[in-house]
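J.: Below is final13.cif; it holds mmCIF, C-alpha atoms.
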data_start
#
loop_
_atom_site.group_PDB
_atom_site.id
_atom_site.type_symbol
_atom_site.label_atom_id
_atom_site.label_comp_id
_atom_site.auth_asym_id
_atom_site.auth_seq_id
_atom_site.Cartn_x
_atom_site.Cartn_y
_atom_site.Cartn_z
ATOM 1 C CA MET A 1 7.646 13.176 38.972
ATOM 2 C CA ASP A 2 9.115 9.768 38.188
ATOM 3 C CA LEU A 3 8.408 8.914 34.546
ATOM 4 C CA ARG A 4 8.660 5.216 35.365
ATOM 5 C CA LYS A 5 5.669 5.457 37.713
ATOM 6 C CA MET A 6 3.685 7.330 35.082
ATOM 7 C CA TYR A 7 4.575 4.611 32.569
ATOM 8 C CA TYR A 8 3.433 1.911 35.012
ATOM 9 C CA PHE A 9 0.176 3.761 35.682
ATOM 10 C CA ASN A 10 -0.605 4.052 31.951
ATOM 11 C CA ALA A 11 0.113 0.361 31.440
ATOM 12 C CA THR A 12 -2.270 -0.487 34.293
ATOM 13 C CA VAL A 13 -4.999 1.621 32.680
ATOM 14 C CA LYS A 14 -4.292 0.082 29.263
ATOM 15 C CA TYR A 15 -4.677 -3.492 30.553
ATOM 16 C CA ARG A 16 -7.296 -2.546 33.188
ATOM 17 C CA SER A 17 -5.674 -5.013 35.532
ATOM 18 C CA PHE A 18 -2.687 -4.961 37.883
ATOM 19 C CA SER A 19 -1.829 -8.575 37.129
ATOM 20 C CA ARG A 20 -2.009 -8.231 33.329
ATOM 21 C CA ALA A 21 -0.063 -4.957 33.396
ATOM 22 C CA ALA A 22 2.629 -6.443 35.628
ATOM 23 C CA LYS A 23 3.001 -9.378 33.248
ATOM 24 C CA ALA A 24 3.300 -7.049 30.245
ATOM 25 C CA LEU A 25 5.857 -4.905 32.080
ATOM 26 C CA HIS A 26 7.827 -7.979 33.228
ATOM 27 C CA ILE A 27 7.684 -6.949 36.878
ATOM 28 C CA SER A 28 5.974 -8.471 39.917
ATOM 29 C CA GLN A 29 2.457 -7.400 40.800
ATOM 30 C CA PRO A 30 3.537 -6.146 44.280
ATOM 31 C CA SER A 31 6.213 -3.966 42.637
ATOM 32 C CA LEU A 32 3.606 -2.473 40.313
ATOM 33 C CA SER A 33 1.121 -1.898 43.142
ATOM 34 C CA ASN A 34 3.804 -0.191 45.242
ATOM 35 C CA ALA A 35 4.755 2.079 42.336
ATOM 36 C CA ILE A 36 1.119 3.135 41.833
ATOM 37 C CA LYS A 37 0.695 3.764 45.576
ATOM 38 C CA ALA A 38 3.853 5.903 45.585
ATOM 39 C CA LEU A 39 2.485 7.872 42.633
ATOM 40 C CA GLU A 40 -0.805 8.438 44.454
ATOM 41 C CA GLN A 41 1.118 9.678 47.491
ATOM 42 C CA GLU A 42 3.021 12.123 45.290
ATOM 43 C CA MET A 43 -0.274 13.312 43.786
ATOM 44 C CA ASP A 44 -1.898 13.324 47.259
ATOM 45 C CA THR A 45 -5.005 11.667 45.825
ATOM 46 C CA PRO A 46 -6.225 8.169 44.885
ATOM 47 C CA LEU A 47 -6.020 7.447 41.148
ATOM 48 C CA ILE A 48 -7.551 3.961 41.018
ATOM 49 C CA GLU A 49 -10.696 2.850 42.811
ATOM 50 C CA ARG A 50 -9.961 -0.064 45.139
ATOM 51 C CA THR A 51 -13.455 -0.517 46.568
ATOM 52 C CA THR A 52 -14.996 -2.162 43.483
ATOM 53 C CA LYS A 53 -14.220 -5.474 41.797
ATOM 54 C CA GLN A 54 -14.261 -3.865 38.354
ATOM 55 C CA PHE A 55 -11.213 -1.794 37.383
ATOM 56 C CA GLN A 56 -12.118 1.885 37.616
ATOM 57 C CA LEU A 57 -10.266 5.191 37.771
ATOM 58 C CA THR A 58 -11.144 7.937 40.195
ATOM 59 C CA GLU A 59 -12.043 11.315 38.738
ATOM 60 C CA MET A 60 -8.489 12.526 39.367
ATOM 61 C CA GLY A 61 -7.139 9.262 37.963
ATOM 62 C CA GLN A 62 -9.058 9.841 34.734
ATOM 63 C CA GLN A 63 -7.683 13.378 34.440
ATOM 64 C CA PHE A 64 -4.152 12.222 35.194
ATOM 65 C CA TRP A 65 -4.398 9.472 32.575
ATOM 66 C CA GLU A 66 -5.740 11.858 29.913
ATOM 67 C CA ARG A 67 -2.833 14.242 30.481
ATOM 68 C CA SER A 68 -0.075 11.713 31.015
ATOM 69 C CA LYS A 69 -0.723 9.313 28.129
ATOM 70 C CA GLY A 70 0.578 11.834 25.594
ATOM 71 C CA LEU A 71 3.801 12.262 27.564
ATOM 72 C CA VAL A 72 4.276 8.503 27.820
ATOM 73 C CA ALA A 73 3.654 8.114 24.073
ATOM 74 C CA GLN A 74 6.234 10.819 23.326
ATOM 75 C CA PHE A 75 8.739 9.075 25.573
ATOM 76 C CA GLU A 76 8.169 5.750 23.791
ATOM 77 C CA VAL A 77 8.677 7.404 20.399
ATOM 78 C CA MET A 78 11.859 9.115 21.581
ATOM 79 C CA GLN A 79 13.175 5.881 23.076
ATOM 80 C CA THR A 80 12.503 3.978 19.831
ATOM 81 C CA GLU A 81 14.054 6.703 17.678
ATOM 82 C CA LEU A 82 17.238 6.895 19.758
ATOM 83 C CA LYS A 83 17.658 3.115 19.682
ATOM 84 C CA GLU A 84 17.292 3.104 15.892
ATOM 85 C CA LEU A 85 19.680 6.009 15.421
ATOM 86 C CA ALA A 86 22.227 4.208 17.597
ATOM 87 C CA LYS A 87 22.000 1.062 15.446
ATOM 88 C CA GLY A 88 22.868 3.008 12.305
ATOM 89 C CA GLU A 89 22.654 0.661 9.326
ATOM 90 C CA GLN A 90 21.722 -2.554 11.120
ATOM 91 C CA LEU A 91 18.004 -2.036 11.495
ATOM 92 C CA GLU A 92 14.846 -4.026 11.082
ATOM 93 C CA ILE A 93 12.639 -1.760 8.968
ATOM 94 C CA ARG A 94 8.956 -2.664 9.151
ATOM 95 C CA LEU A 95 6.730 -1.614 6.289
ATOM 96 C CA GLY A 96 2.992 -2.114 5.907
ATOM 97 C CA VAL A 97 2.081 -2.931 2.310
ATOM 98 C CA ILE A 98 -1.097 -3.416 0.283
ATOM 99 C CA GLU A 99 -1.070 -6.533 -1.868
ATOM 100 C CA SER A 100 -1.170 -4.744 -5.222
ATOM 101 C CA ALA A 101 2.137 -2.971 -4.480
ATOM 102 C CA ASN A 102 4.146 -6.179 -4.118
ATOM 103 C CA TYR A 103 5.594 -6.269 -7.630
ATOM 104 C CA TRP A 104 6.984 -2.754 -7.939
ATOM 105 C CA LEU A 105 8.065 -2.760 -4.284
ATOM 106 C CA SER A 106 10.247 -5.806 -4.962
ATOM 107 C CA GLN A 107 12.215 -3.659 -7.410
ATOM 108 C CA VAL A 108 12.626 -0.967 -4.746
ATOM 109 C CA ILE A 109 13.872 -3.566 -2.254
ATOM 110 C CA THR A 110 16.404 -4.868 -4.777
ATOM 111 C CA ASP A 111 17.868 -1.372 -5.189
ATOM 112 C CA TYR A 112 17.720 -0.675 -1.467
ATOM 113 C CA GLN A 113 19.564 -3.827 -0.436
ATOM 114 C CA LYS A 114 22.509 -2.767 -2.595
ATOM 115 C CA LEU A 115 22.771 0.415 -0.516
ATOM 116 C CA TYR A 116 22.047 -1.066 2.927
ATOM 117 C CA PRO A 117 22.754 -4.817 2.861
ATOM 118 C CA SER A 118 22.814 -5.053 6.678
ATOM 119 C CA ASN A 119 19.270 -3.759 7.131
ATOM 120 C CA GLN A 120 16.432 -6.249 7.390
ATOM 121 C CA LEU A 121 13.071 -5.479 5.780
ATOM 122 C CA THR A 122 9.853 -6.882 7.270
ATOM 123 C CA LEU A 123 6.707 -6.499 5.136
ATOM 124 C CA ILE A 124 3.308 -6.613 6.846
ATOM 125 C CA ASP A 125 -0.176 -6.747 5.318
ATOM 126 C CA THR A 126 -2.267 -3.672 6.118
ATOM 127 C CA LEU A 127 -5.899 -3.879 5.124
ATOM 128 C CA TYR A 128 -7.987 -1.795 7.483
ATOM 129 C CA ASN A 129 -7.979 1.931 8.184
ATOM 130 C CA GLN A 130 -7.770 1.549 11.971
ATOM 131 C CA THR A 131 -5.111 -1.132 11.634
ATOM 132 C CA VAL A 132 -2.945 1.266 9.610
ATOM 133 C CA ARG A 133 -3.334 4.031 12.167
ATOM 134 C CA GLN A 134 -2.694 1.743 15.130
ATOM 135 C CA ALA A 135 0.352 0.205 13.437
ATOM 136 C CA LEU A 136 1.891 3.638 12.837
ATOM 137 C CA LEU A 137 1.094 5.237 16.188
ATOM 138 C CA GLY A 138 1.948 2.044 18.061
ATOM 139 C CA LEU A 139 5.404 2.099 16.389
ATOM 140 C CA HIS A 140 4.791 -1.366 14.929
ATOM 141 C CA VAL A 141 5.752 -0.112 11.450
ATOM 142 C CA HIS A 142 7.865 2.741 10.130
ATOM 143 C CA GLY A 143 5.616 3.436 7.164
ATOM 144 C CA VAL A 144 2.634 2.074 5.277
ATOM 145 C CA ILE A 145 1.913 1.837 1.561
ATOM 146 C CA THR A 146 -1.866 2.058 1.462
ATOM 147 C CA ASN A 147 -4.790 2.992 -0.762
ATOM 148 C CA GLN A 148 -6.469 4.684 2.200
ATOM 149 C CA HIS A 149 -6.166 8.445 2.480
ATOM 150 C CA ILE A 150 -5.928 8.764 6.237
ATOM 151 C CA VAL A 151 -6.968 12.208 7.450
ATOM 152 C CA ASP A 152 -5.438 12.433 10.908
ATOM 153 C CA GLU A 153 -3.385 15.118 12.628
ATOM 154 C CA GLU A 154 -0.917 12.443 13.741
ATOM 155 C CA ILE A 155 -0.528 10.750 10.326
ATOM 156 C CA GLN A 156 1.153 12.146 7.215
ATOM 157 C CA SER A 157 0.076 10.727 3.841
ATOM 158 C CA GLU A 158 1.999 11.436 0.613
ATOM 159 C CA LEU A 159 0.447 10.511 -2.731
ATOM 160 C CA LEU A 160 2.565 7.963 -4.616
ATOM 161 C CA TYR A 161 0.425 7.319 -7.689
ATOM 162 C CA ASN A 162 -3.056 6.873 -9.080
ATOM 163 C CA GLU A 163 -3.969 3.552 -10.634
ATOM 164 C CA PRO A 164 -7.026 2.417 -12.588
ATOM 165 C CA TYR A 165 -8.973 -0.779 -12.128
ATOM 166 C CA VAL A 166 -9.219 -3.454 -14.818
ATOM 167 C CA VAL A 167 -11.462 -6.462 -15.305
ATOM 168 C CA LEU A 168 -9.759 -9.855 -15.092
ATOM 169 C CA ILE A 169 -11.242 -12.512 -17.395
ATOM 170 C CA LYS A 170 -10.389 -15.745 -19.165
ATOM 171 C CA LYS A 171 -9.212 -15.401 -22.741
ATOM 172 C CA ASP A 172 -12.303 -17.176 -24.056
ATOM 173 C CA HIS A 173 -14.721 -14.893 -22.208
ATOM 174 C CA PRO A 174 -17.007 -12.711 -24.398
ATOM 175 C CA PHE A 175 -15.554 -9.594 -22.761
ATOM 176 C CA ALA A 176 -12.235 -10.443 -24.439
ATOM 177 C CA GLN A 177 -13.650 -9.101 -27.713
ATOM 178 C CA LYS A 178 -14.394 -5.702 -26.179
ATOM 179 C CA GLU A 179 -11.746 -3.001 -26.022
ATOM 180 C CA GLN A 180 -13.466 -1.216 -23.145
ATOM 181 C CA LEU A 181 -16.161 -2.105 -20.659
ATOM 182 C CA THR A 182 -18.615 -0.147 -18.537
ATOM 183 C CA LEU A 183 -20.108 -1.182 -15.222
ATOM 184 C CA LYS A 184 -23.447 -1.842 -16.916
ATOM 185 C CA ASP A 185 -21.797 -4.773 -18.698
ATOM 186 C CA PHE A 186 -21.428 -6.534 -15.337
ATOM 187 C CA THR A 187 -25.083 -6.915 -14.356
ATOM 188 C CA GLN A 188 -25.404 -10.506 -15.626
ATOM 189 C CA GLU A 189 -21.825 -11.642 -15.020
ATOM 190 C CA PRO A 190 -20.837 -13.572 -11.857
ATOM 191 C CA LEU A 191 -18.533 -11.145 -10.069
ATOM 192 C CA ILE A 192 -15.747 -12.230 -7.713
ATOM 193 C CA ILE A 193 -14.916 -9.480 -5.238
ATOM 194 C CA GLY A 194 -12.807 -8.932 -2.134
ATOM 195 C CA MET A 195 -14.291 -8.620 1.329
ATOM 196 C CA PRO A 196 -16.564 -5.550 1.578
ATOM 197 C CA GLU A 197 -14.658 -4.145 4.567
ATOM 198 C CA PHE A 198 -11.533 -3.767 2.422
ATOM 199 C CA GLU A 199 -11.026 -0.311 0.941
ATOM 200 C CA THR A 200 -10.594 -1.699 -2.598
ATOM 201 C CA SER A 201 -13.855 -3.656 -2.508
ATOM 202 C CA ALA A 202 -15.707 -0.794 -0.852
ATOM 203 C CA GLN A 203 -14.636 1.537 -3.646
ATOM 204 C CA ILE A 204 -15.745 -0.917 -6.352
ATOM 205 C CA LEU A 205 -19.144 -1.398 -4.725
ATOM 206 C CA LYS A 206 -19.550 2.356 -4.310
ATOM 207 C CA ALA A 207 -18.790 2.870 -8.025
ATOM 208 C CA PHE A 208 -21.605 0.469 -8.919
ATOM 209 C CA GLU A 209 -23.910 2.330 -6.560
ATOM 210 C CA GLN A 210 -22.966 5.732 -7.995
ATOM 211 C CA GLU A 211 -23.707 4.514 -11.510
ATOM 212 C CA ASN A 212 -26.965 2.952 -10.311
ATOM 213 C CA VAL A 213 -25.874 -0.524 -11.410
ATOM 214 C CA THR A 214 -26.482 -3.681 -9.370
ATOM 215 C CA PRO A 215 -23.649 -6.224 -9.772
ATOM 216 C CA HIS A 216 -24.180 -9.974 -9.617
ATOM 217 C CA ILE A 217 -21.745 -10.886 -6.795
ATOM 218 C CA SER A 218 -21.045 -14.616 -6.635
ATOM 219 C CA TYR A 219 -17.988 -14.774 -4.363
ATOM 220 C CA LYS A 220 -16.361 -12.633 -1.679
ATOM 221 C CA ILE A 221 -12.697 -13.508 -1.238
ATOM 222 C CA GLU A 222 -10.097 -12.209 1.216
ATOM 223 C CA ARG A 223 -6.977 -12.477 -0.952
ATOM 224 C CA PHE A 224 -6.372 -11.166 -4.477
ATOM 225 C CA GLU A 225 -4.398 -14.298 -5.322
ATOM 226 C CA MET A 226 -7.413 -16.526 -4.639
ATOM 227 C CA ILE A 227 -9.584 -14.255 -6.786
ATOM 228 C CA LYS A 228 -7.233 -14.894 -9.708
ATOM 229 C CA VAL A 229 -7.506 -18.643 -9.128
ATOM 230 C CA LEU A 230 -11.313 -18.556 -9.254
ATOM 231 C CA VAL A 231 -11.306 -16.478 -12.432
ATOM 232 C CA GLU A 232 -8.903 -18.969 -14.013
ATOM 233 C CA GLU A 233 -11.295 -21.785 -13.065
ATOM 234 C CA GLY A 234 -14.059 -20.000 -14.959
ATOM 235 C CA LEU A 235 -16.145 -19.257 -11.873
ATOM 236 C CA GLY A 236 -16.543 -15.576 -12.638
ATOM 237 C CA ILE A 237 -14.759 -12.348 -13.455
ATOM 238 C CA ALA A 238 -13.140 -9.779 -11.175
ATOM 239 C CA ILE A 239 -12.317 -6.089 -11.011
ATOM 240 C CA LEU A 240 -8.843 -5.561 -9.584
ATOM 241 C CA PRO A 241 -6.183 -2.823 -9.324
ATOM 242 C CA GLN A 242 -4.123 -2.680 -12.506
ATOM 243 C CA ASN A 243 -0.777 -3.011 -10.715
ATOM 244 C CA TYR A 244 -1.804 -6.325 -9.252
ATOM 245 C CA VAL A 245 -2.829 -8.101 -12.457
ATOM 246 C CA THR A 246 -0.384 -6.722 -15.030
ATOM 247 C CA GLN A 247 2.468 -8.864 -13.726
ATOM 248 C CA HIS A 248 2.801 -12.657 -13.585
ATOM 249 C CA LEU A 249 -0.532 -13.216 -15.293
ATOM 250 C CA SER A 250 -1.468 -16.755 -16.325
ATOM 251 C CA ASP A 251 -1.494 -17.494 -20.062
ATOM 252 C CA SER A 252 -5.200 -18.256 -19.825
ATOM 253 C CA LEU A 253 -6.104 -14.827 -18.407
ATOM 254 C CA LEU A 254 -6.177 -11.287 -19.729
ATOM 255 C CA THR A 255 -7.382 -7.853 -18.630
ATOM 256 C CA ARG A 256 -9.578 -5.190 -20.159
ATOM 257 C CA PRO A 257 -9.997 -1.563 -19.046
ATOM 258 C CA VAL A 258 -13.172 -0.571 -17.245
ATOM 259 C CA HIS A 259 -14.604 2.835 -18.093
ATOM 260 C CA SER A 260 -15.996 4.556 -14.998
ATOM 261 C CA ALA A 261 -15.390 7.995 -13.579
ATOM 262 C CA TYR A 262 -15.595 6.448 -10.114
ATOM 263 C CA LEU A 263 -13.124 3.597 -10.574
ATOM 264 C CA ASN A 264 -9.570 4.638 -9.841
ATOM 265 C CA ARG A 265 -7.605 4.729 -6.648
ATOM 266 C CA ASN A 266 -4.796 6.672 -5.071
ATOM 267 C CA VAL A 267 -1.939 4.925 -3.308
ATOM 268 C CA TYR A 268 -0.139 6.705 -0.468
ATOM 269 C CA LEU A 269 2.943 6.411 1.693
ATOM 270 C CA SER A 270 1.766 7.085 5.254
ATOM 271 C CA THR A 271 4.047 7.755 8.213
ATOM 272 C CA MET A 272 3.682 9.018 11.746
ATOM 273 C CA ARG A 273 3.867 12.809 11.643
ATOM 274 C CA GLY A 274 6.870 14.274 13.459
ATOM 275 C CA ARG A 275 8.679 10.982 13.927
ATOM 276 C CA THR A 276 12.444 11.114 13.425
ATOM 277 C CA PHE A 277 13.861 8.423 11.113
ATOM 278 C CA SER A 278 17.423 7.295 10.560
ATOM 279 C CA LYS A 279 19.046 8.079 7.214
ATOM 280 C CA SER A 280 18.665 4.516 5.950
ATOM 281 C CA ILE A 281 14.895 4.593 6.540
ATOM 282 C CA LEU A 282 14.570 7.973 4.793
ATOM 283 C CA VAL A 283 16.480 6.578 1.817
ATOM 284 C CA LEU A 284 13.976 3.714 1.567
ATOM 285 C CA PHE A 285 11.088 6.191 1.606
ATOM 286 C CA GLU A 286 12.745 8.240 -1.149
ATOM 287 C CA LEU A 287 13.236 5.143 -3.317
ATOM 288 C CA ILE A 288 9.568 4.305 -2.861
ATOM 289 C CA LYS A 289 8.524 7.815 -3.902
ATOM 290 C CA LYS A 290 10.903 7.916 -6.898
ATOM 291 C CA MET A 291 9.527 4.633 -8.245
ATOM 292 C CA HIS A 292 6.480 6.622 -9.313
#
Translate this file's structure into C-alpha cells.

T.:
Amino acid sequence: MDLRKMYYFNATVKYRSFSRAAKALHISQPSLSNAIKALEQEMDTPLIERTTKQFQLTEMGQQFWERSKGLVAQFEVMQTELKELAKGEQLEIRLGVIESANYWLSQVITDYQKLYPSNQLTLIDTLYNQTVRQALLGLHVHGVITNQHIVDEEIQSELLYNEPYVVLIKKDHPFAQKEQLTLKDFTQEPLIIGMPEFETSAQILKAFEQENVTPHISYKIERFEMIKVLVEEGLGIAILPQNYVTQHLSDSLLTRPVHSAYLNRNVYLSTMRGRTFSKSILVLFELIKKMH
C-alpha cells in the first residue's frame, strides 16, 4: 500500500475537509481526491461517505483510520528524526519551559552554547497539561520542563527537583516580621494568584482546601511577572514557586517561607517516549538534569 495515500487520507480525516486538507498538504484538491479514490479502489471499499454534506467516514473508513493513524505518526517521527540526525550540530532545538525555570535554565543555555554554538534554541511557554502532551506528540518540541507529572504511555517524565512555595510581600508588610507563615495567616490578606487552570494555581488552591482555609483572592493574573508588579504596588501578597522569586527581586520586596505539608511541587523533564534524539539534544537534556 502506498504510504503517501495513507498520509493523504489521515490528513483529510484530521481536517474533515478535502479542501482544507489539500491546502495543508500543498496539493490541489483534485489530486487529493484522486489519491483517496485510488486508495478506496485498493481497499475495494468506500472510506468516506460522499452522499452527505457533512464529512463522514464509512464504517470501513473509521476502522482504516484507527489502524493507519499510528503508522502515519510513526512515519512522521522517523522522518523528523532522520532529518535532525542528518543536520548534526546545526539544529533548532525547541524546548517547552515553565516560567519559574527561566533563571536556572539560562545558566544551562550558557554552558550549552559553548559546546554547540551552531544550534539554535527556541523556548516556548507550556502551561496546560494537554498542551504539553500535544506539543510533544505533535513533534512541536523536543522536551518540556514542566511541573505537571504527565502519566501517559507515550510520555516519559523524569523528576528534576522539588521546590517549595514562598509568600511574596513588600518589606513593610506585617508578614515581614514573621519567620514562617501558615495558610491560616492568609484568610484576611488580599491574595494575588495565577489563573486557576494553571497547575501552580490549582495546587495552591487545593492546599488551602486541604487545610480547610478559605483565602481572600483579590486578583487572578496570567503571568508571574505581573503578579510581582501588583505586590510591589501594595495591592496584595502572592504565593509563588521559590525559584521564580529568589532571583532579580526588587529592593522593595522580600519572601517568607510558607509552612504547609501540601505546598511543594515537583518539576519534570518530559519527552516523547521512544523518540530518537541527536547527540546534541541528548547533551542538552543531560545538562538540564545535572543542574539539579

J.: Kindly extract all protein, DNA and RNA residues lying within 8 Å of the coordinates (-19.0, -10.6, -13.8) given in the file, considering all atoms listed in the file, and supply them as a PyMOL selection string.

T.: chain A and resi 186-192+215-217+236-238

J.: In terms of the shortest atom-to-atom distance over only C-alpha atoms, which of A:Val72, A:Leu249, A:Ala38, A:Ile150 is closest to Met6 in chain A?

T.: A:Val72

J.: To test your reading of the syntax: which residues would the PyMOL selection byres ((chain A and resi 133) around 9) return for the file shown? Reply as a list in words.

T.: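 Applying the expression gives Tyr128, Asn129, Gln130, Thr131, Val132, Gln134, Ala135, Leu136, Leu137, Gly138, Ile150, Asp152, Glu154, Ile155 and Met272 of chain A.
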
J.: So what do you get for CA of Val144 in chain A versus CA of Leu25 in chain A, distance-wise?

T.: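 Computing the Euclidean distance for CA of Val144 in chain A and CA of Leu25 in chain A yields 27.9 Å.
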
J.: With all atoms listed in the file as the atoms that count, which of A:Glu209, A:Glu199, A:Asp125, A:Glu222 lies nearest to Glu99 in chain A?

T.: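 Using all atoms listed in the file, the shortest distance to Glu99 in chain A belongs to A:Asp125.
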
J.: Pick the closest to Phe224 in chain A from A:Ser250, A:Ser157, A:Asn264, A:Ser100: which is it, counting only C-alpha atoms?

T.: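 When distances to Phe224 in chain A are compared using only C-alpha atoms, the smallest one comes from A:Ser100.
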
J.: Just give me the gap between CA of His259 in chain A and CA of Leu181 in chain A in Å, one decimal is fine.

T.: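 Between CA of His259 in chain A and CA of Leu181 in chain A the gap is 5.8 Å.
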
J.: To verify the selection step, state as number ranges by chain which residues the PyMOL selection byres ((chain A and resi 49) around 12) yields on this input.

T.: A: 13, 16-17, 36-37, 40, 45-48, 50-62

J.: Could you write out the selected residues, including C-alpha atoms, as a compact mmCIF listing (two decimals), keeping the file's coordinate frame?

T.:
# COMPACT_ATOMS: atom_id res chain seq x y z
CA VAL A 13 -5.00 1.62 32.68
CA ARG A 16 -7.30 -2.55 33.19
CA SER A 17 -5.67 -5.01 35.53
CA ILE A 36 1.12 3.14 41.83
CA LYS A 37 0.70 3.76 45.58
CA GLU A 40 -0.80 8.44 44.45
CA THR A 45 -5.00 11.67 45.82
CA PRO A 46 -6.22 8.17 44.88
CA LEU A 47 -6.02 7.45 41.15
CA ILE A 48 -7.55 3.96 41.02
CA ARG A 50 -9.96 -0.06 45.14
CA THR A 51 -13.46 -0.52 46.57
CA THR A 52 -15.00 -2.16 43.48
CA LYS A 53 -14.22 -5.47 41.80
CA GLN A 54 -14.26 -3.86 38.35
CA PHE A 55 -11.21 -1.79 37.38
CA GLN A 56 -12.12 1.88 37.62
CA LEU A 57 -10.27 5.19 37.77
CA THR A 58 -11.14 7.94 40.20
CA GLU A 59 -12.04 11.32 38.74
CA MET A 60 -8.49 12.53 39.37
CA GLY A 61 -7.14 9.26 37.96
CA GLN A 62 -9.06 9.84 34.73

J.: Counting all atoms listed in the file, what are the residues of range 49-127 of chain A within 9 Å of range 284-287 of chain A, and for each of them which pair of atoms is the nearest and at what distance in Å, to one decimal? Sort the table by chain and rising number, as JSON lines.

T.:
{"residue": "A:Val108", "atom": "CA", "partner": "A:Leu287", "partner_atom": "CA", "distance": 6.3}
{"residue": "A:Ile109", "atom": "CA", "partner": "A:Leu284", "partner_atom": "CA", "distance": 8.2}
{"residue": "A:Asp111", "atom": "CA", "partner": "A:Leu287", "partner_atom": "CA", "distance": 8.2}
{"residue": "A:Tyr112", "atom": "CA", "partner": "A:Leu284", "partner_atom": "CA", "distance": 6.5}

J.: Looking at only C-alpha atoms, which of A:Leu235, A:Leu159, A:Ile204, A:Met291 is the one that sits closest to Leu263 in chain A?

T.: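 Using only C-alpha atoms, the shortest distance to Leu263 in chain A belongs to A:Ile204.
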
J.: Please write as a PDB file with C-alpha atoms, keeping the file's coordinate frame the full residue list that the PyMOL selection byres ((chain A and resi 31) around 12) yields on this file.

T.:
ATOM      1  CA  ARG A   4       8.660   5.216  35.365  1.00  0.00           C
ATOM      2  CA  LYS A   5       5.669   5.457  37.713  1.00  0.00           C
ATOM      3  CA  TYR A   8       3.433   1.911  35.012  1.00  0.00           C
ATOM      4  CA  PHE A  18      -2.687  -4.961  37.883  1.00  0.00           C
ATOM      5  CA  SER A  19      -1.829  -8.575  37.129  1.00  0.00           C
ATOM      6  CA  ALA A  21      -0.063  -4.957  33.396  1.00  0.00           C
ATOM      7  CA  ALA A  22       2.629  -6.443  35.628  1.00  0.00           C
ATOM      8  CA  LYS A  23       3.001  -9.378  33.248  1.00  0.00           C
ATOM      9  CA  LEU A  25       5.857  -4.905  32.080  1.00  0.00           C
ATOM     10  CA  HIS A  26       7.827  -7.979  33.228  1.00  0.00           C
ATOM     11  CA  ILE A  27       7.684  -6.949  36.878  1.00  0.00           C
ATOM     12  CA  SER A  28       5.974  -8.471  39.917  1.00  0.00           C
ATOM     13  CA  GLN A  29       2.457  -7.400  40.800  1.00  0.00           C
ATOM     14  CA  PRO A  30       3.537  -6.146  44.280  1.00  0.00           C
ATOM     15  CA  LEU A  32       3.606  -2.473  40.313  1.00  0.00           C
ATOM     16  CA  SER A  33       1.121  -1.898  43.142  1.00  0.00           C
ATOM     17  CA  ASN A  34       3.804  -0.191  45.242  1.00  0.00           C
ATOM     18  CA  ALA A  35       4.755   2.079  42.336  1.00  0.00           C
ATOM     19  CA  ILE A  36       1.119   3.135  41.833  1.00  0.00           C
ATOM     20  CA  LYS A  37       0.695   3.764  45.576  1.00  0.00           C
ATOM     21  CA  ALA A  38       3.853   5.903  45.585  1.00  0.00           C
TER      22      ALA A  38
END

J.: What's the separation between CA of Phe277 in chain A and CA of Glu84 in chain A, in Å to one decimal place?

T.: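 CA of Phe277 in chain A sits 7.9 Å away from CA of Glu84 in chain A.
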